[in-house]
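What follows is the content of query-v8.cif (mmCIF, C-alpha atoms).
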```cif
data_query
loop_
_atom_site.group_PDB
_atom_site.id
_atom_site.type_symbol
_atom_site.label_atom_id
_atom_site.label_comp_id
_atom_site.auth_asym_id
_atom_site.auth_seq_id
_atom_site.Cartn_x
_atom_site.Cartn_y
_atom_site.Cartn_z
ATOM 1 C CA VAL A 1 -174.816 -225.361 -73.405
ATOM 2 C CA VAL A 2 -171.524 -224.100 -74.794
ATOM 3 C CA ASP A 3 -168.355 -226.152 -75.202
ATOM 4 C CA PRO A 4 -165.696 -224.204 -73.239
ATOM 5 C CA GLY A 5 -162.816 -225.730 -75.252
ATOM 6 C CA PRO A 6 -163.039 -223.442 -78.283
ATOM 7 C CA LEU A 7 -163.547 -220.413 -76.028
ATOM 8 C CA ALA A 8 -160.414 -221.290 -74.057
ATOM 9 C CA THR A 9 -158.234 -221.940 -77.120
ATOM 10 C CA ALA A 10 -159.400 -219.191 -79.476
ATOM 11 C CA ALA A 11 -157.672 -215.834 -79.684
ATOM 12 C CA PRO A 12 -158.936 -213.715 -76.761
ATOM 13 C CA GLU A 13 -160.668 -211.206 -79.048
ATOM 14 C CA ILE A 14 -162.573 -213.963 -80.874
ATOM 15 C CA SER A 15 -163.418 -215.808 -77.667
ATOM 16 C CA LEU A 16 -164.775 -212.696 -75.950
ATOM 17 C CA ARG A 17 -166.806 -211.675 -78.996
ATOM 18 C CA ALA A 18 -168.388 -215.128 -79.195
ATOM 19 C CA LEU A 19 -169.121 -215.151 -75.472
ATOM 20 C CA SER A 20 -170.593 -211.655 -75.696
ATOM 21 C CA ARG A 21 -172.928 -212.701 -78.531
ATOM 22 C CA VAL A 22 -174.119 -215.748 -76.608
ATOM 23 C CA LEU A 23 -174.906 -213.573 -73.585
ATOM 24 C CA GLN A 24 -176.683 -210.956 -75.698
ATOM 25 C CA CYS A 25 -178.767 -213.619 -77.418
ATOM 26 C CA VAL A 26 -179.822 -215.420 -74.245
ATOM 27 C CA ALA A 27 -180.552 -212.171 -72.393
ATOM 28 C CA GLY A 28 -182.273 -210.497 -75.327
ATOM 29 C CA ALA A 29 -179.959 -207.556 -74.646
ATOM 30 C CA GLU A 30 -179.497 -204.694 -77.039
ATOM 31 C CA TYR A 31 -175.961 -203.968 -75.857
ATOM 32 C CA PRO A 32 -173.035 -206.260 -75.078
ATOM 33 C CA PRO A 33 -171.776 -206.705 -71.519
ATOM 34 C CA ARG A 34 -169.057 -204.387 -70.259
ATOM 35 C CA PHE A 35 -165.628 -205.437 -71.405
ATOM 36 C CA GLU A 36 -164.046 -205.694 -67.947
ATOM 37 C CA ARG A 37 -166.751 -208.036 -66.657
ATOM 38 C CA LEU A 38 -166.782 -210.052 -69.870
ATOM 39 C CA SER A 39 -163.009 -210.404 -69.695
ATOM 40 C CA ARG A 40 -163.189 -211.711 -66.111
ATOM 41 C CA LEU A 41 -165.811 -214.249 -67.155
ATOM 42 C CA GLY A 42 -163.652 -215.312 -70.108
ATOM 43 C CA GLU A 43 -160.699 -215.849 -67.773
ATOM 44 C CA ALA A 44 -162.858 -217.895 -65.386
ATOM 45 C CA ILE A 45 -164.066 -220.081 -68.267
ATOM 46 C CA ALA A 46 -160.499 -220.598 -69.498
ATOM 47 C CA ALA A 47 -159.520 -221.632 -65.935
ATOM 48 C CA GLY A 48 -162.374 -224.163 -65.757
ATOM 49 C CA LEU A 49 -165.329 -222.173 -64.355
ATOM 50 C CA GLY A 50 -165.677 -223.698 -60.909
ATOM 51 C CA SER A 51 -168.977 -222.093 -59.892
ATOM 52 C CA ALA A 52 -171.991 -220.311 -61.324
ATOM 53 C CA ARG A 53 -171.711 -216.664 -62.324
ATOM 54 C CA THR A 54 -174.084 -213.994 -63.546
ATOM 55 C CA LEU A 55 -173.474 -211.395 -66.210
ATOM 56 C CA SER A 56 -175.658 -209.272 -68.426
ATOM 57 C CA GLY A 57 -178.905 -210.838 -67.169
ATOM 58 C CA CYS A 58 -177.639 -214.402 -67.673
ATOM 59 C CA ARG A 59 -176.614 -217.257 -65.415
ATOM 60 C CA ILE A 60 -173.458 -219.029 -66.509
ATOM 61 C CA VAL A 61 -173.239 -222.470 -64.887
ATOM 62 C CA PRO A 62 -170.816 -225.389 -65.266
ATOM 63 C CA TRP A 63 -172.973 -228.137 -66.767
ATOM 64 C CA GLY A 64 -171.955 -231.652 -67.744
ATOM 65 C CA GLY A 65 -168.557 -230.720 -69.151
ATOM 66 C CA GLY A 66 -169.948 -227.602 -70.797
ATOM 67 C CA ILE A 67 -171.200 -224.211 -69.757
ATOM 68 C CA MET A 68 -174.936 -223.634 -69.578
ATOM 69 C CA VAL A 69 -176.000 -220.070 -70.305
ATOM 70 C CA CYS A 70 -179.588 -219.250 -69.368
ATOM 71 C CA ARG A 71 -181.631 -216.214 -68.438
ATOM 72 C CA GLU A 72 -181.212 -214.975 -64.893
ATOM 73 C CA ALA A 73 -184.605 -215.175 -63.167
ATOM 74 C CA ALA A 74 -184.227 -211.822 -61.411
ATOM 75 C CA ALA A 75 -183.500 -210.139 -64.745
ATOM 76 C CA THR A 76 -186.593 -211.324 -66.619
ATOM 77 C CA ALA A 77 -189.149 -208.735 -67.642
ATOM 78 C CA PRO A 78 -192.200 -208.134 -65.466
ATOM 79 C CA PRO A 79 -195.536 -209.710 -66.381
ATOM 80 C CA LEU A 80 -196.956 -208.342 -69.620
ATOM 81 C CA PRO A 81 -200.703 -208.137 -70.281
ATOM 82 C CA LEU A 82 -201.714 -210.099 -73.361
ATOM 83 C CA THR A 83 -205.077 -209.834 -75.063
ATOM 84 C CA VAL A 84 -206.619 -212.273 -77.508
ATOM 85 C CA GLY A 85 -205.744 -211.525 -81.111
ATOM 86 C CA THR A 86 -202.469 -209.784 -80.341
ATOM 87 C CA SER A 87 -198.819 -210.632 -80.140
ATOM 88 C CA ARG A 88 -196.277 -208.787 -78.061
ATOM 89 C CA ARG A 89 -192.593 -208.943 -77.321
ATOM 90 C CA TRP A 90 -191.697 -210.150 -73.840
ATOM 91 C CA ASP A 91 -188.318 -210.033 -72.104
ATOM 92 C CA GLY A 92 -186.469 -208.883 -75.230
ATOM 93 C CA ARG A 93 -186.407 -212.502 -76.417
ATOM 94 C CA PHE A 94 -189.853 -213.838 -77.210
ATOM 95 C CA THR A 95 -192.714 -212.822 -79.453
ATOM 96 C CA VAL A 96 -195.826 -214.166 -77.743
ATOM 97 C CA GLY A 97 -199.237 -214.360 -79.402
ATOM 98 C CA LEU A 98 -202.637 -215.317 -78.051
ATOM 99 C CA SER A 99 -205.639 -216.569 -79.969
ATOM 100 C CA ALA A 100 -208.880 -218.009 -78.643
ATOM 101 C CA SER A 101 -212.501 -218.789 -79.313
ATOM 102 C CA GLY A 102 -215.682 -218.885 -77.255
ATOM 103 C CA GLU A 103 -215.451 -218.369 -73.503
ATOM 104 C CA ALA A 104 -211.658 -218.484 -73.616
ATOM 105 C CA ARG A 105 -211.750 -214.984 -75.125
ATOM 106 C CA ARG A 106 -212.688 -213.591 -71.739
ATOM 107 C CA GLY A 107 -210.334 -212.850 -68.894
ATOM 108 C CA ASP A 108 -207.140 -211.066 -68.150
ATOM 109 C CA HIS A 109 -204.050 -212.901 -69.300
ATOM 110 C CA THR A 110 -200.402 -212.094 -68.768
ATOM 111 C CA VAL A 111 -197.172 -213.567 -70.015
ATOM 112 C CA ALA A 112 -194.498 -213.930 -67.349
ATOM 113 C CA ARG A 113 -191.745 -216.309 -66.369
ATOM 114 C CA LEU A 114 -192.895 -219.685 -65.113
ATOM 115 C CA GLY A 115 -191.061 -219.462 -61.782
ATOM 116 C CA LEU A 116 -190.995 -222.122 -59.077
ATOM 117 C CA GLY A 117 -194.660 -221.701 -58.145
ATOM 118 C CA GLY A 118 -195.707 -222.089 -61.763
ATOM 119 C CA TRP A 119 -193.478 -225.137 -62.155
ATOM 120 C CA ARG A 120 -195.195 -226.744 -59.154
ATOM 121 C CA GLN A 121 -198.582 -226.133 -60.794
ATOM 122 C CA VAL A 122 -197.384 -227.691 -64.055
ATOM 123 C CA VAL A 123 -195.969 -230.806 -62.377
ATOM 124 C CA THR A 124 -199.069 -231.198 -60.223
ATOM 125 C CA ALA A 125 -201.269 -231.113 -63.323
ATOM 126 C CA ARG A 126 -198.913 -233.240 -65.463
ATOM 127 C CA PRO A 127 -196.502 -235.255 -63.284
ATOM 128 C CA GLU A 128 -194.689 -236.703 -66.320
ATOM 129 C CA LEU A 129 -193.295 -233.241 -67.061
ATOM 130 C CA GLY A 130 -191.236 -233.551 -63.876
ATOM 131 C CA GLU A 131 -188.967 -235.855 -65.879
ATOM 132 C CA THR A 132 -188.090 -233.183 -68.452
ATOM 133 C CA ALA A 133 -184.441 -232.863 -69.417
ATOM 134 C CA LEU A 134 -184.616 -229.082 -69.086
ATOM 135 C CA PRO A 135 -182.472 -227.909 -66.171
ATOM 136 C CA ALA A 136 -184.272 -226.127 -63.321
ATOM 137 C CA PRO A 137 -182.677 -222.718 -64.086
ATOM 138 C CA VAL A 138 -184.055 -222.950 -67.630
ATOM 139 C CA ARG A 139 -187.554 -224.170 -66.693
ATOM 140 C CA THR A 140 -188.254 -221.345 -64.279
ATOM 141 C CA VAL A 141 -187.537 -218.613 -66.843
ATOM 142 C CA LEU A 142 -189.680 -220.042 -69.639
ATOM 143 C CA PRO A 143 -192.503 -217.776 -70.801
ATOM 144 C CA ALA A 144 -195.856 -218.884 -69.406
ATOM 145 C CA LEU A 145 -199.385 -217.620 -69.905
ATOM 146 C CA TRP A 146 -201.048 -216.774 -66.603
ATOM 147 C CA ARG A 147 -204.575 -215.881 -65.613
ATOM 148 C CA SER A 148 -204.477 -214.391 -62.120
ATOM 149 C CA ASP A 149 -202.267 -216.795 -60.155
ATOM 150 C CA ARG A 150 -202.918 -219.823 -62.362
ATOM 151 C CA VAL A 151 -200.642 -221.089 -65.134
ATOM 152 C CA ILE A 152 -202.726 -221.568 -68.274
ATOM 153 C CA SER A 153 -200.059 -222.566 -70.806
ATOM 154 C CA VAL A 154 -196.321 -223.159 -71.193
ATOM 155 C CA PRO A 155 -195.726 -223.751 -74.906
ATOM 156 C CA HIS A 156 -192.106 -224.883 -74.489
ATOM 157 C CA LEU A 157 -193.308 -227.723 -72.266
ATOM 158 C CA ASP A 158 -196.351 -228.483 -74.440
ATOM 159 C CA PHE A 159 -198.495 -227.719 -71.396
ATOM 160 C CA ASP A 160 -201.988 -226.275 -71.414
ATOM 161 C CA ARG A 161 -204.956 -226.528 -69.081
ATOM 162 C CA SER A 162 -207.295 -228.058 -71.667
ATOM 163 C CA PRO A 163 -208.758 -231.410 -70.634
ATOM 164 C CA ALA A 164 -207.159 -234.442 -72.303
ATOM 165 C CA GLY A 165 -208.617 -234.917 -75.785
ATOM 166 C CA ALA A 166 -210.391 -231.562 -75.780
ATOM 167 C CA ARG A 167 -209.779 -229.110 -78.558
ATOM 168 C CA PRO A 168 -207.906 -226.183 -76.996
ATOM 169 C CA ARG A 169 -209.890 -222.980 -77.148
ATOM 170 C CA LEU A 170 -206.966 -220.842 -76.019
ATOM 171 C CA ARG A 171 -203.750 -221.020 -78.022
ATOM 172 C CA VAL A 172 -200.449 -219.405 -77.155
ATOM 173 C CA SER A 173 -197.575 -219.126 -79.590
ATOM 174 C CA THR A 174 -194.045 -218.246 -78.597
ATOM 175 C CA ARG A 175 -191.135 -217.574 -80.867
ATOM 176 C CA PHE A 176 -187.584 -217.054 -79.637
ATOM 177 C CA GLN A 177 -186.454 -213.892 -81.416
ATOM 178 C CA PRO A 178 -183.680 -212.157 -79.499
#
```

Take the structure in the file and write it out as structure tokens.
Amino acid sequence: VVDPGPLATAAPEISLRALSRVLQCVAGAEYPPRFERLSRLGEAIAAGLGSARTLSGCRIVPWGGGIMVCREAAATAPPLPLTVGTSRRWDGRFTVGLSASGEARRGDHTVARLGLGGWRQVVTARPELGETALPAPVRTVLPALWRSDRVISVPHLDFDRSPAGARPRLRVSTRFQP
């Protein structure tokens, strides 16, 4: 969440550069957004951003007096196969690693966004996670480990399918590295 005040009062060049960097970071983009579109977004923010916008693979949403910038669901990378003992880069933003022992070594795993269906699985398995402070647009684009159509792990929510008290045999690590 970004405070729009400094963006609105800074020199236009500084404001647009800061906004561009935020968008690049959140989107994991190699290149900045086009100047014309960025400039229009900057003007909308200075005028009090009345509704959500998208730019450069990000959603920009008025949020509690600030501006929430999160990944646009439609812009996330497709599912990426992940094998035990490897780490790969997903969606230009996350380095995801998988380690396991025993039977957990078997099976086809992918890393993909959590999505609404995955969120329903998580909340069904752990209802207390429904009270998370993470906004819905953020939750649905979190990286999740999938096996077929089943969510196995969502590290950012401290969620895994291991039984309570059991030592997890499958471990997923995620690191935000745009």

(request) Would you work out the distance separating CA of Ala100 (chain A) from CA of Ala73 (chain A), expressed in Å to one decimal? (result)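 Calculated distance between CA of Ala100 (chain A) and CA of Ala73 (chain A) is 28.9 Å.
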
(message) Can you measure CA of Leu38 (chain A) to CA of Ser56 (chain A) for me? One decimal in Å is fine.
(response)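 Taking CA of Leu38 (chain A) and CA of Ser56 (chain A), their separation equals 9.0 Å.
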
(message) Rounded to one decimal, what separation in Å do you get between CA of Cys70 (chain A) and CA of Arg17 (chain A)?
(response) 17.7 Å

(message) So, with only C-alpha atoms as the atoms that count, which of A:Ala27, A:Ala144, A:Leu98, A:Leu170 lies closest to Ala74 (chain A)?
(response)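 Closest candidate: A:Ala27.
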
Enclose the full set of atoms of region 36-53 of chain A listed in the file within a box whose edges lie along x, y and z, apply 6 Å of padding to each of the six sides, and report centre and edge lengths in Å to one decimal as lines of an AutoDock Vina configuration file.
```
center_x = -165.8
center_y = -214.9
center_z = -65.0
size_x = 24.5
size_y = 30.5
size_z = 22.2
```

(request) Would you mind telling me which residue in A:Val172, A:Leu145, A:Val96, A:Leu157 lies nearest to Arg126 (chain A) when using only C-alpha atoms? (result)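 For Arg126 (chain A), the nearest of the given residues is A:Leu157.
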
(request) Name the closest residue to Val69 (chain A) among the candidates A:Ala46, A:Leu16, A:Leu134, A:Leu23; distances are taken between atoms, counting only C-alpha atoms. (result)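 Smallest distance to Val69 (chain A) is found for A:Leu23.
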
(request) Tell me which of A:Arg88, A:Arg40, A:Arg150, A:Arg113 sits closest to Thr76 (chain A), counting only C-alpha atoms. (result)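 Of A:Arg88, A:Arg40, A:Arg150, A:Arg113, the one nearest Thr76 (chain A), counting only C-alpha atoms, is A:Arg113.
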
(request) Take the PyMOL selection byres ((chain A and resi 129) around 12), apply it to the structure above, and return the hits as a list in words. (result)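 Evaluating the PyMOL selection byres ((chain A and resi 129) around 12) on these coordinates yields Trp119, Arg120, Gln121, Val122, Val123, Thr124, Ala125, Arg126, Pro127, Glu128, Gly130, Glu131, Thr132, Ala133, Leu134, Arg139, Val154, His156, Leu157, Asp158, Phe159 and Asp160 of chain A.
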
(request) Could you check which of A:Arg147, A:Arg34, A:Arg175, A:Arg89 is closest to Asp108 (chain A), using only C-alpha atoms? (result) A:Arg147
